[in-house]
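Enquirer: mmCIF, C-alpha atoms, file model14.cif:
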```cif
data_run
loop_
_atom_site.label_atom_id
_atom_site.label_comp_id
_atom_site.auth_asym_id
_atom_site.auth_seq_id
_atom_site.Cartn_x
_atom_site.Cartn_y
_atom_site.Cartn_z
CA MET A 26 -3.14 14.03 24.77
CA ALA A 27 -2.09 13.93 21.13
CA ARG A 28 -4.63 12.89 18.55
CA THR A 29 -4.23 9.61 16.77
CA ASN A 30 -2.19 10.10 13.66
CA GLY A 31 -3.74 9.05 10.36
CA ASN A 32 -1.30 6.24 9.84
CA GLN A 33 -2.56 3.48 7.53
CA ARG A 34 0.13 0.92 8.27
CA GLY A 35 -0.85 -2.57 9.37
CA LEU A 36 -1.67 -2.81 13.02
CA SER A 37 0.80 -5.58 13.51
CA ALA A 38 3.32 -2.75 13.67
CA VAL A 39 1.58 -1.15 16.66
CA ASP A 40 3.68 -1.56 19.73
CA PHE A 41 1.55 -2.52 22.72
CA GLU A 42 3.65 -0.48 25.11
CA SER A 43 3.36 2.66 22.98
CA LEU A 44 -0.36 2.13 22.70
CA VAL A 45 -0.78 1.88 26.46
CA GLN A 46 1.42 4.91 27.02
CA ARG A 47 -0.60 6.99 24.62
CA TYR A 48 -4.10 6.13 25.78
CA TYR A 49 -4.14 4.77 29.31
CA ILE A 50 -4.52 8.14 31.04
CA GLY A 51 -7.49 9.21 28.94
CA LEU A 52 -9.09 5.82 29.31
CA TYR A 53 -8.61 5.84 33.07
CA GLN A 54 -10.09 9.35 33.36
CA PHE A 55 -13.07 8.25 31.28
CA ALA A 56 -13.49 5.13 33.40
CA LEU A 57 -13.26 7.08 36.64
CA SER A 58 -15.83 9.60 35.48
CA LEU A 59 -18.18 6.77 34.53
CA SER A 60 -17.69 4.57 37.56
CA HIS A 61 -16.56 7.14 40.18
CA SER A 62 -14.50 4.34 41.72
CA GLN A 63 -10.72 4.26 41.47
CA ALA A 64 -10.59 0.45 41.70
CA ASP A 65 -13.27 0.00 39.04
CA ALA A 66 -11.56 2.56 36.80
CA CYS A 67 -8.25 0.68 37.05
CA ASP A 68 -9.98 -2.62 36.29
CA LEU A 69 -11.82 -1.14 33.32
CA THR A 70 -8.61 0.34 31.91
CA GLN A 71 -6.72 -2.92 32.30
CA GLN A 72 -9.62 -4.89 30.86
CA THR A 73 -9.72 -2.59 27.84
CA PHE A 74 -6.08 -3.31 27.00
CA TYR A 75 -6.66 -7.00 27.67
CA VAL A 76 -9.44 -6.99 25.07
CA TRP A 77 -7.13 -5.10 22.72
CA ALA A 78 -4.44 -7.76 23.13
CA ARG A 79 -6.98 -10.44 22.20
CA LYS A 80 -8.97 -8.72 19.48
CA GLY A 81 -7.07 -5.58 18.50
CA TYR A 82 -5.66 -7.25 15.39
CA GLN A 83 -9.16 -6.95 13.91
CA VAL A 84 -8.71 -3.18 13.68
CA ARG A 85 -7.18 -2.53 10.26
CA ASP A 86 -7.28 1.26 10.34
CA LEU A 87 -4.91 2.95 12.79
CA THR A 88 -7.11 6.03 12.93
CA LYS A 89 -9.80 3.89 14.56
CA VAL A 90 -7.65 2.65 17.44
CA LYS A 91 -8.59 5.41 19.85
CA THR A 92 -12.31 5.11 19.15
CA TRP A 93 -12.02 1.33 19.42
CA LEU A 94 -10.41 1.57 22.85
CA PHE A 95 -13.00 4.00 24.22
CA THR A 96 -15.83 1.95 22.74
CA THR A 97 -14.41 -1.15 24.39
CA LEU A 98 -14.06 0.55 27.75
CA TYR A 99 -17.60 1.83 27.58
CA ARG A 100 -18.93 -1.63 26.75
CA GLU A 101 -16.94 -3.11 29.59
CA PHE A 102 -18.41 -0.49 31.89
CA LEU A 103 -21.93 -1.37 30.74
CA LYS A 104 -21.17 -5.03 31.39
CA MET A 105 -19.92 -4.11 34.82
CA GLN A 106 -23.09 -2.24 35.55
CA ARG A 107 -25.11 -5.21 34.31
CA ARG A 108 -27.49 -2.84 32.74
CA GLN A 109 -30.34 -4.50 30.95
CA GLN A 110 -32.49 -1.49 30.34
CA ARG A 111 -32.41 0.05 26.90
CA PHE A 112 -31.89 3.77 26.93
CA PRO A 113 -34.58 5.80 25.15
CA HIS A 114 -33.35 8.01 22.38
CA VAL A 115 -34.37 11.62 22.72
CA ALA A 116 -34.55 13.65 19.56
CA LEU A 117 -32.47 16.81 19.37
CA SER A 118 -35.48 18.95 18.54
CA GLU A 119 -37.00 18.17 21.94
CA VAL A 120 -34.21 19.91 23.79
CA ASP A 121 -33.27 22.62 21.36
CA SER A 122 -34.81 25.27 23.51
CA GLU A 123 -32.86 24.25 26.60
CA LEU A 124 -29.52 25.98 26.55
CA PRO A 125 -27.52 25.07 29.63
CA THR A 126 -24.35 27.09 29.98
CA VAL A 127 -22.35 26.66 33.15
CA PRO A 128 -20.94 30.10 33.95
CA ALA A 129 -17.19 30.24 33.43
CA HIS A 130 -16.46 32.10 36.66
CA VAL A 131 -18.21 29.34 38.58
CA VAL A 132 -16.52 26.38 36.93
CA GLU A 133 -13.11 28.05 37.17
CA ARG A 134 -13.14 27.08 40.85
CA LEU A 135 -13.86 23.44 40.22
CA ASP A 136 -11.22 20.80 40.75
CA TRP A 137 -11.18 17.33 39.26
CA SER A 138 -12.43 15.53 42.38
CA THR A 139 -15.46 17.81 42.64
CA LEU A 140 -16.17 17.26 38.97
CA VAL A 141 -15.96 13.50 39.35
CA GLN A 142 -18.43 13.81 42.23
CA TYR A 143 -20.78 15.80 40.03
CA PHE A 144 -20.54 13.27 37.23
CA ALA A 145 -21.31 10.50 39.69
CA GLN A 146 -24.63 12.21 40.44
CA ILE A 147 -25.64 12.39 36.80
CA GLU A 148 -27.40 9.36 35.31
CA GLU A 149 -25.09 7.19 33.27
CA LEU A 150 -27.25 7.86 30.20
CA TYR A 151 -26.01 11.47 30.17
CA ARG A 152 -22.72 10.94 31.96
CA ALA A 153 -20.88 9.00 29.25
CA PRO A 154 -21.42 11.52 26.41
CA LEU A 155 -20.72 14.37 28.82
CA VAL A 156 -17.35 12.93 29.84
CA LEU A 157 -16.41 12.23 26.23
CA PHE A 158 -17.53 15.76 25.33
CA TYR A 159 -15.13 17.32 27.81
CA LEU A 160 -12.34 14.83 28.21
CA GLU A 161 -11.06 13.77 24.83
CA ASP A 162 -10.73 15.09 21.30
CA HIS A 163 -13.35 12.77 19.87
CA SER A 164 -15.50 14.09 17.05
CA TYR A 165 -19.25 13.78 17.44
CA ALA A 166 -19.23 10.93 14.96
CA GLU A 167 -16.70 9.10 17.14
CA ILE A 168 -18.70 9.74 20.31
CA ALA A 169 -21.78 8.38 18.56
CA GLU A 170 -19.78 5.30 17.51
CA ILE A 171 -18.45 4.73 21.02
CA LEU A 172 -21.92 4.98 22.54
CA ALA A 173 -23.59 3.17 19.63
CA VAL A 174 -26.25 5.84 19.22
CA PRO A 175 -27.04 8.38 16.47
CA ILE A 176 -25.29 11.78 16.55
CA GLY A 177 -28.62 13.51 17.22
CA THR A 178 -29.02 11.41 20.34
CA VAL A 179 -25.50 12.35 21.45
CA MET A 180 -26.40 16.02 21.09
CA SER A 181 -29.62 15.71 23.04
CA ARG A 182 -28.00 13.72 25.83
CA LEU A 183 -25.24 16.30 26.01
CA SER A 184 -27.76 19.07 26.42
CA ARG A 185 -29.47 17.19 29.22
CA GLY A 186 -26.17 16.26 30.82
CA ARG A 187 -24.83 19.79 30.79
CA GLN A 188 -28.08 21.06 32.20
CA LYS A 189 -27.76 18.63 35.10
CA LEU A 190 -24.11 19.55 35.59
CA GLN A 191 -25.03 23.23 35.69
CA ALA A 192 -27.70 22.53 38.27
CA LEU A 193 -25.21 20.65 40.44
CA VAL A 194 -22.63 23.41 40.18
CA VAL A 195 -25.13 26.14 41.00
CA THR A 196 -26.62 24.21 43.91
CA THR A 197 -23.21 23.45 45.41
CA ARG A 198 -22.13 27.02 44.97
CA SER A 199 -25.22 28.21 46.86
CA GLN A 200 -24.34 25.85 49.69
CA ASP A 201 -20.74 27.08 49.67
CA VAL A 202 -21.88 30.68 49.88
CA ALA A 203 -24.16 29.80 52.76
CA SER A 204 -21.40 27.98 54.66
CA PRO A 205 -18.14 29.71 55.73
CA ILE A 206 -16.32 26.38 55.44
CA ARG A 207 -15.39 25.49 51.88
CA ARG A 208 -16.28 21.98 50.92
CA GLN A 209 -13.33 19.72 50.74
CA ALA A 210 -12.83 17.30 47.93
CA ARG A 211 -14.36 14.00 48.92
CA GLU A 212 -12.90 10.62 48.51
CA TYR A 213 -14.37 8.85 45.55
CA MET B 23 -30.23 32.56 11.68
CA ASN B 24 -31.31 34.31 14.88
CA THR B 25 -29.37 34.49 18.14
CA GLU B 26 -31.29 31.73 19.92
CA LYS B 27 -30.89 29.32 17.03
CA ALA B 28 -27.14 30.06 16.89
CA LYS B 29 -26.84 29.42 20.63
CA ALA B 30 -28.68 26.12 20.25
CA ILE B 31 -26.08 25.04 17.74
CA LEU B 32 -23.01 26.51 19.42
CA GLN B 33 -23.77 25.00 22.82
CA HIS B 34 -22.18 21.86 21.34
CA TYR B 35 -19.15 23.67 19.99
CA ARG B 36 -15.77 22.78 21.49
CA PRO B 37 -12.77 24.98 20.74
CA PRO B 38 -10.71 24.02 18.81
CA ILE B 39 -11.90 20.41 18.25
CA ASP B 40 -14.99 21.38 16.26
CA ALA B 41 -13.44 24.33 14.40
CA GLU B 42 -13.54 22.44 11.10
CA ASP B 43 -16.97 20.87 11.62
CA PRO B 44 -19.27 22.32 8.92
CA ARG B 45 -22.36 22.04 11.10
CA PHE B 46 -21.02 25.00 13.16
CA SER B 47 -19.85 27.20 10.26
CA GLU B 48 -22.93 29.33 9.86
CA ALA B 49 -23.40 29.86 13.59
CA LEU B 50 -19.73 30.85 13.96
CA GLU B 51 -20.20 33.46 11.25
CA GLN B 52 -23.20 34.74 13.16
CA VAL B 53 -20.93 35.28 16.21
CA GLN B 54 -18.95 37.84 14.20
CA ARG B 55 -22.09 39.88 13.54
CA ASP B 56 -23.99 39.51 16.81
CA PRO B 57 -22.43 41.15 19.94
CA GLU B 58 -24.85 39.47 22.33
CA LEU B 59 -24.12 36.08 20.81
CA ALA B 60 -20.38 36.82 20.86
CA GLN B 61 -20.52 37.51 24.60
CA TRP B 62 -22.46 34.31 25.23
CA PHE B 63 -20.06 32.38 23.01
CA THR B 64 -17.00 33.68 24.90
CA GLU B 65 -18.59 32.56 28.15
CA HIS B 66 -19.46 29.18 26.66
CA CYS B 67 -15.89 28.55 25.45
CA ALA B 68 -14.37 29.64 28.76
CA SER B 69 -16.76 27.38 30.64
CA TYR B 70 -15.97 24.44 28.40
CA GLU B 71 -12.21 24.98 28.76
CA ALA B 72 -12.48 25.23 32.54
CA VAL B 73 -14.36 21.94 32.90
CA ARG B 74 -12.11 20.21 30.39
CA ARG B 75 -8.98 21.44 32.13
CA ALA B 76 -10.19 20.32 35.54
CA LEU B 77 -11.27 16.92 34.27
CA ARG B 78 -7.99 16.27 32.50
CA GLN B 79 -6.12 16.96 35.72
CA THR B 80 -7.56 13.77 37.19
CA PRO B 81 -4.50 11.91 38.51
CA VAL B 82 -3.85 8.34 37.47
CA PRO B 83 -2.92 5.86 40.23
CA ALA B 84 0.80 5.21 40.44
CA GLY B 85 1.83 1.96 38.84
CA LEU B 86 -1.23 1.51 36.61
CA TYR B 87 0.88 1.73 33.46
CA GLU B 88 3.33 -0.90 34.75
CA ARG B 89 0.44 -3.13 35.89
CA ILE B 90 -1.09 -3.12 32.42
CA LEU B 91 2.23 -4.00 30.79
CA LYS B 92 3.01 -6.70 33.35
CA ALA B 93 -0.42 -8.31 32.91
CA GLN B 94 0.05 -8.32 29.16
CA ALA B 95 3.54 -9.84 29.41
CA ARG B 96 2.14 -12.60 31.62
CA ARG B 97 -0.68 -13.36 29.19
CA ARG B 98 1.67 -13.35 26.23
CA SER B 99 4.01 -15.86 27.80
CA VAL B 100 1.15 -18.18 28.70
CA ARG B 101 -1.25 -17.70 25.83
CA TRP B 102 0.93 -17.05 22.80
CA TRP B 103 -1.32 -19.24 20.69
CA THR B 104 -4.12 -16.72 20.99
CA GLN B 105 -1.98 -14.17 19.11
CA PRO B 106 -2.68 -14.37 15.36
CA ALA B 107 0.69 -12.75 14.63
CA LEU B 108 2.40 -15.69 16.31
CA VAL B 109 -0.03 -18.40 15.30
CA ALA B 110 0.10 -17.57 11.58
CA PRO B 111 3.82 -18.46 11.10
CA VAL B 112 3.38 -21.65 13.12
CA VAL B 113 0.39 -22.70 11.02
CA ALA B 114 2.26 -21.80 7.82
CA ALA B 115 5.28 -23.86 8.93
CA ALA B 116 3.02 -26.80 9.81
CA VAL B 117 1.35 -26.62 6.39
CA ILE B 118 4.75 -26.60 4.67
CA VAL B 119 6.01 -29.56 6.73
CA LEU B 120 2.82 -31.55 6.07
CA THR B 121 3.03 -30.73 2.35
CA VAL B 122 6.64 -31.91 2.19
CA ILE B 123 5.83 -35.11 4.09
CA GLY B 124 2.78 -35.70 1.91
CA SER B 125 4.77 -35.17 -1.27
CA ALA B 126 7.51 -37.51 -0.06
CA LEU B 127 4.98 -40.20 0.80
CA TYR B 128 3.27 -39.77 -2.56
CA TRP B 129 6.59 -39.98 -4.40
CA HIS B 130 7.64 -43.01 -2.37
CA ARG B 131 4.30 -44.73 -2.99
CA SER B 132 4.51 -43.97 -6.72
CA ALA B 133 8.05 -45.31 -6.82
CA MET B 134 7.03 -48.44 -4.98
CA MET B 135 4.14 -49.04 -7.36
CA GLN B 136 6.25 -48.58 -10.50
CA PRO B 137 6.86 -51.93 -12.26
CA ARG B 138 10.44 -53.15 -11.93
CA ASP B 139 10.42 -56.31 -14.04
CA PHE B 140 12.51 -56.93 -17.14
CA ALA B 141 9.87 -55.54 -19.51
CA ALA B 142 9.91 -52.25 -17.60
CA TYR B 143 13.71 -52.30 -17.64
CA LEU B 144 13.71 -52.77 -21.42
CA GLN B 145 11.22 -49.94 -21.92
CA THR B 146 13.03 -47.56 -19.60
CA LEU B 147 16.55 -48.04 -20.95
CA THR B 148 15.60 -48.01 -24.64
CA ARG B 149 13.76 -44.72 -23.88
CA VAL B 150 17.00 -43.38 -22.40
CA ALA B 151 18.99 -44.48 -25.45
CA ALA B 152 16.45 -43.04 -27.91
CA GLY B 153 16.19 -39.81 -26.00
CA ARG B 154 18.64 -37.28 -24.67
CA TYR B 155 21.42 -38.31 -22.34
CA LYS B 156 24.88 -37.08 -21.52
CA MET B 157 27.90 -39.36 -21.31
CA ALA B 158 29.80 -39.04 -18.04
CA ILE B 159 33.01 -39.90 -19.82
CA ALA B 160 33.99 -39.77 -23.49
CA THR B 161 36.68 -42.26 -24.33
CA ALA B 162 37.59 -44.88 -26.93
CA ASP B 163 39.64 -46.83 -24.43
CA HIS B 164 37.83 -49.72 -22.68
CA ASP B 165 40.32 -49.71 -19.80
CA VAL B 166 39.61 -46.06 -19.10
CA LEU B 167 35.88 -46.66 -19.31
CA ARG B 168 36.04 -49.73 -17.01
CA HIS B 169 37.99 -47.69 -14.50
CA HIS B 170 35.37 -44.93 -14.59
CA LEU B 171 32.46 -47.36 -14.30
CA ALA B 172 34.06 -49.15 -11.36
CA ALA B 173 34.66 -45.84 -9.62
CA ALA B 174 30.95 -45.03 -10.07
CA HIS B 175 30.04 -48.48 -8.66
CA GLY B 176 28.66 -49.63 -12.01
CA PRO B 177 29.33 -53.10 -13.48
CA ALA B 178 32.82 -52.86 -15.05
CA ASP B 179 33.78 -56.53 -15.64
CA TYR B 180 31.44 -56.90 -18.61
CA SER B 181 32.27 -59.12 -21.56
CA LEU B 182 31.90 -57.96 -25.14
CA THR B 183 30.57 -60.03 -28.02
CA PRO B 184 32.85 -60.44 -31.08
CA GLY B 185 30.65 -58.08 -33.05
CA LEU B 186 30.84 -55.35 -30.40
CA ARG B 187 34.61 -55.54 -30.36
CA THR B 188 34.60 -54.30 -33.96
CA LEU B 189 32.78 -51.09 -33.00
CA SER B 190 34.34 -47.84 -31.89
CA LEU B 191 33.78 -47.01 -28.25
CA GLU B 192 32.60 -43.45 -27.59
CA GLY B 193 32.15 -43.42 -23.82
CA GLY B 194 29.61 -44.26 -21.20
CA LEU B 195 27.83 -43.47 -17.95
CA VAL B 196 26.25 -45.18 -14.95
CA LEU B 197 22.47 -45.24 -14.44
CA GLU B 198 20.40 -46.60 -11.58
CA TRP B 199 17.56 -49.12 -11.66
CA PHE B 200 15.79 -49.45 -8.29
CA GLY B 201 19.02 -49.30 -6.33
CA HIS B 202 21.08 -51.30 -8.83
CA LYS B 203 23.78 -49.61 -10.89
CA VAL B 204 23.53 -50.02 -14.67
CA SER B 205 26.57 -49.40 -16.91
CA MET B 206 25.66 -47.81 -20.23
CA LEU B 207 28.28 -48.16 -23.01
CA CYS B 208 27.97 -46.05 -26.15
CA PHE B 209 29.42 -47.30 -29.46
CA THR B 210 29.37 -46.10 -33.00
CA GLN B 211 29.69 -48.18 -36.16
CA ASP B 212 32.23 -47.28 -38.81
CA ALA B 213 30.33 -45.40 -41.53
CA LYS B 214 32.51 -46.81 -44.28
CA GLN B 215 31.17 -50.26 -43.63
CA ASP B 216 27.57 -49.09 -44.15
CA LYS B 217 25.65 -48.81 -47.34
CA ASP B 218 24.18 -45.46 -46.40
CA ALA B 219 26.49 -42.89 -44.86
CA ASN B 220 23.54 -40.95 -43.44
CA GLU B 221 22.26 -43.89 -41.37
CA ASP B 222 22.28 -43.62 -37.59
CA HIS B 223 25.28 -45.65 -36.38
CA ASP B 224 24.84 -45.51 -32.58
CA VAL B 225 24.81 -48.74 -30.56
CA TRP B 226 24.18 -48.99 -26.82
CA LEU B 227 25.00 -51.76 -24.41
CA PHE B 228 23.49 -51.86 -20.90
CA VAL B 229 24.96 -54.10 -18.24
CA VAL B 230 23.37 -54.77 -14.85
CA SER B 231 23.69 -57.36 -12.11
CA ARG B 232 21.43 -60.38 -12.52
CA ASP B 233 20.05 -59.74 -9.04
CA ALA B 234 18.34 -56.62 -10.34
CA LEU B 235 16.19 -58.53 -12.85
CA PRO B 236 15.04 -61.96 -11.63
CA ASP B 237 12.77 -62.39 -14.68
CA ALA B 238 15.40 -61.47 -17.28
CA PRO B 239 16.21 -64.02 -20.05
CA ALA B 240 18.04 -66.78 -18.23
CA SER B 241 20.28 -68.02 -21.07
CA ASP B 242 22.94 -66.45 -23.20
CA ALA B 243 20.75 -66.94 -26.26
CA PRO B 244 19.64 -63.41 -27.25
CA GLN B 245 15.97 -62.52 -27.18
CA PHE B 246 14.86 -59.72 -29.49
CA ALA B 247 12.28 -57.00 -28.89
CA GLN B 248 11.38 -53.56 -30.21
CA ALA B 249 10.88 -50.46 -28.11
CA HIS B 250 10.97 -46.72 -28.74
CA GLY B 251 12.04 -47.20 -32.35
CA LEU B 252 15.00 -49.38 -31.42
CA ILE B 253 15.69 -53.05 -31.92
CA ALA B 254 17.00 -54.66 -28.74
CA ALA B 255 18.62 -57.97 -27.85
CA SER B 256 18.97 -59.23 -24.29
CA TRP B 257 20.80 -62.17 -22.75
CA THR B 258 22.40 -63.31 -19.49
CA ARG B 259 26.00 -64.27 -19.12
CA GLY B 260 27.51 -65.13 -15.75
CA ASP B 261 26.03 -62.87 -13.08
CA LYS B 262 25.09 -60.08 -15.50
CA VAL B 263 22.20 -59.22 -17.76
CA TYR B 264 23.05 -57.55 -21.09
CA LEU B 265 20.81 -55.38 -23.22
CA LEU B 266 22.04 -54.29 -26.65
CA ALA B 267 20.09 -51.74 -28.71
CA THR B 268 20.40 -49.87 -32.00
CA ARG B 269 18.29 -48.45 -34.78
CA GLY B 270 17.58 -50.58 -37.80
CA ALA B 271 16.61 -54.19 -38.46
CA GLN B 272 17.13 -57.26 -36.29
CA ALA B 273 19.78 -58.46 -38.80
CA GLU B 274 21.77 -55.37 -38.03
CA LEU B 275 21.82 -56.34 -34.40
CA GLU B 276 22.52 -60.03 -35.02
CA ARG B 277 25.66 -58.98 -36.83
CA LEU B 278 26.91 -57.47 -33.57
CA LEU B 279 26.38 -60.51 -31.37
#
```
As structure tokens - that is how I would like this structure written.

Expert:
Amino acid sequence: MARTNGNQRGLSAVDFESLVQRYYIGLYQFALSLSHSQADACDLTQQTFYVWARKGYQVRDLTKVKTWLFTTLYREFLKMQRRQQRFPHVALSEVDSELPTVPAHVVERLDWSTLVQYFAQIEELYRAPLVLFYLEDHSYAEIAEILAVPIGTVMSRLSRGRQKLQALVVTTRSQDVASPIRRQAREY
Amino acid sequence: MNTEKAKAILQHYRPPIDAEDPRFSEALEQVQRDPELAQWFTEHCASYEAVRRALRQTPVPAGLYERILKAQARRRSVRWWTQPALVAPVVAAAVIVLTVIGSALYWHRSAMMQPRDFAAYLQTLTRVAAGRYKMAIATADHDVLRHHLAAAHGPADYSLTPGLRTLSLEGGLVLEWFGHKVSMLCFTQDAKQDKDANEDHDVWLFVVSRDALPDAPASDAPQFAQAHGLIAASWTRGDKVYLLATRGAQAELERLL
């Protein structure tokens, strides 16, 4: 997906249809990875554009549109989850020594449905930054803005998230090796 | 920077998104010098690309795009007033309309409150004569002037005093006093008859229907007054009220009656 152009024109000139066309796929994929439910992902994507139609005029800088949309979707997801618990911030220094690297030859075999299943098994605290890390071209500053946490916290959650993802991949691979029948992609 | 430290930094590196991010610069330079790190980094980038590629292949349900647009079109048709881009012109138009109505009411109220008695008439018309005005027709012929005044719905069947008949007619125009037409006749006195050739010789006669000024002098005996540097005489004859004005002394005016 193309990156948002640094256009400084007034947002009144933004065509709603063009906006949807440009961002709805990425938003849906983000929503699906968060919610692991196709229906919820569709609702979250629609709701995001509904909020844009009501409040999008407040965004004066076109370069912020993409971040605004992903932030909105994430907030809508949190509302959907009715989460009340505040997430603890973990400092980067605490996880510096943990260097999870999912082996390339292992992940090469992954398909999207398996990945979505893996993400569903990772706590939402780590899932959201992990999806943003892989899915879109957001800078770390943008990811931090979307999640409303400091960049250091994004980094530490990413480390944890990737560690969990690696564990899931390795575990599943062990099961696959043990079983002659390859696991089929499950419905999500 | 040692290998482990570089790995700790580069585990967050995403090719090519973070290529320009300065926080990775030093560690990326380390990759060029450290074969072990370079091998790990190649594996890291390949792993990242594989996950990213798989994730971005997630299919989107058919019709989602159309559903979003349809929902928006439905909201727009029902809730247009929630759109600032649409509300702003409507509010601006309403403000303009209210301003125009307010101004009209204020003007109307001011006009209604303005005094319309004979004293006000005297003040207003002597101010016109003493100020700047433009004759609608320039003529020395009373028939031509009467024709013009009648065409402009001003009083045209006026009667002139003997003194006024001796003056030279210059022209005239039609004014309006609270819905009543006022004929304004402009005369000039012959300079040769005056003692001082530099004296102002203009004389003005205003004629209006008696209905316009219920409190005007009721008789044909002239009443004198001064206003705006002019001496004025007013009287009523038939169904018309006359106002004669000029510069100078009352005697000057009496000579014209």

Enquirer: Compute the set of chain B residues within 10 Å of chain A, using all atoms listed in the file, and express it as a PyMOL selection string.

Expert: chain B and resi 26-27+29-36+38-40+43+62-83+86-91+93-94+97-98+101+104-107

Enquirer: To one decimal place, how far is CA of Leu227 in chain B from CA of Arg138 in chain B in Å?

Expert: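 Answer for the CA of Leu227 in chain B to CA of Arg138 in chain B separation: 19.2 Å.
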
Enquirer: May I have the centre and edge lengths, in Å to one decimal, of an axis-aligned box around the listed atoms of range 88-93 of chain B with 4 Å added to every side, as JSON?

Expert:
```
{"center_x": 1.1, "center_y": -4.6, "center_z": 33.3, "size_x": 12.4, "size_y": 15.4, "size_z": 13.1}
```

Enquirer: Can you list, as a ChimeraX atom specification, every protein, DNA or RNA residue that comes within 12 Å of Glu276 in chain B when you count only C-alpha atoms, leaving out same-chain residues fewer than 2 positions away?

Expert: /B:183-186,243-246,253-256,266-268,270-274,278-279

Enquirer: Would you mind telling me which residue in B:Val229, B:Met206, B:Ala115, B:Leu275 lies nearest to Lys156 in chain B when using all atoms listed in the file?

Expert: B:Met206

Enquirer: So, with only C-alpha atoms as the atoms that count, which of B:Glu42, B:Glu51, B:Asp163, B:Asp242 lies closest to Trp257 in chain B?

Expert: B:Asp242

Enquirer: What gap, in Å, lies between CA of Phe95 in chain A and CA of Gly85 in chain B?

Expert: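 The value is 20.9 Å.
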
Enquirer: Using CA of Ala160 in chain B and CA of Gly251 in chain B as the two end points, give the distance in Å to one decimal.

Expert: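 So the answer is 24.8 Å.
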
Enquirer: Looking at B:Leu189, B:Leu197, B:Val113, B:Ala49, which one is nearest to Gln211 in chain B, with distances taken over all atoms listed in the file?

Expert: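 Nearest candidate to Gln211 in chain B out of B:Leu189, B:Leu197, B:Val113, B:Ala49: B:Leu189.
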
Enquirer: Report as a ChimeraX atom specification the full result of the PyMOL selection byres ((chain B and resi 140) around 7) when it is applied to this structure.

Expert: /B:138-139,141-144,235,237-238

Enquirer: Could you check which residues have any atom within 7 Å of (-27.7, 35.4, 14.7), counting all atoms listed in the file with coordinates taken straight from the file, and then list them as a list in words?

Expert: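 It turns out the residues near that spot are Met23, Asn24, Thr25, Ala28, Gln52, Val53 and Asp56 of chain B.
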
Enquirer: Give me the residues within 8 Å of Ala249 in chain B as a list in words, counting all atoms listed in the file and dropping any in the same chain fewer than 6 places off.

Expert: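 Residues meeting the cut-off are Leu144, Gln145, Thr148 and Arg149 of chain B.
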
Enquirer: Just want the 8 Å neighbourhood of Leu59 in chain A, counted on all atoms listed in the file, with same-chain residues fewer than 2 positions away dropped. Output as a compact mmCIF listing (two decimals) with C-alpha atoms, keeping the file's coordinate frame.

Expert:
```
# COMPACT_ATOMS: atom_id res chain seq x y z
CA PHE A 55 -13.07 8.25 31.28
CA ALA A 56 -13.49 5.13 33.40
CA LEU A 57 -13.26 7.08 36.64
CA HIS A 61 -16.56 7.14 40.18
CA PHE A 102 -18.41 -0.49 31.89
CA PHE A 144 -20.54 13.27 37.23
CA ALA A 145 -21.31 10.50 39.69
CA GLU A 149 -25.09 7.19 33.27
CA ARG A 152 -22.72 10.94 31.96
CA ALA A 153 -20.88 9.00 29.25
CA VAL A 156 -17.35 12.93 29.84
```

Enquirer: When the PyMOL selection byres ((chain B and resi 179) around 12) is applied to the file above, which residues end up in the set, as a ChimeraX atom specification?

Expert: /B:164-165,167-172,175-178,180-182,205,229-231,259-262

Enquirer: Need the neighbours of (-25.8, 12.7, 29.5): which residues are at most 6 Å away, counting all atoms listed in the file, as number ranges by chain?

Expert: A: 150-152, 154-155, 182-183, 185-186
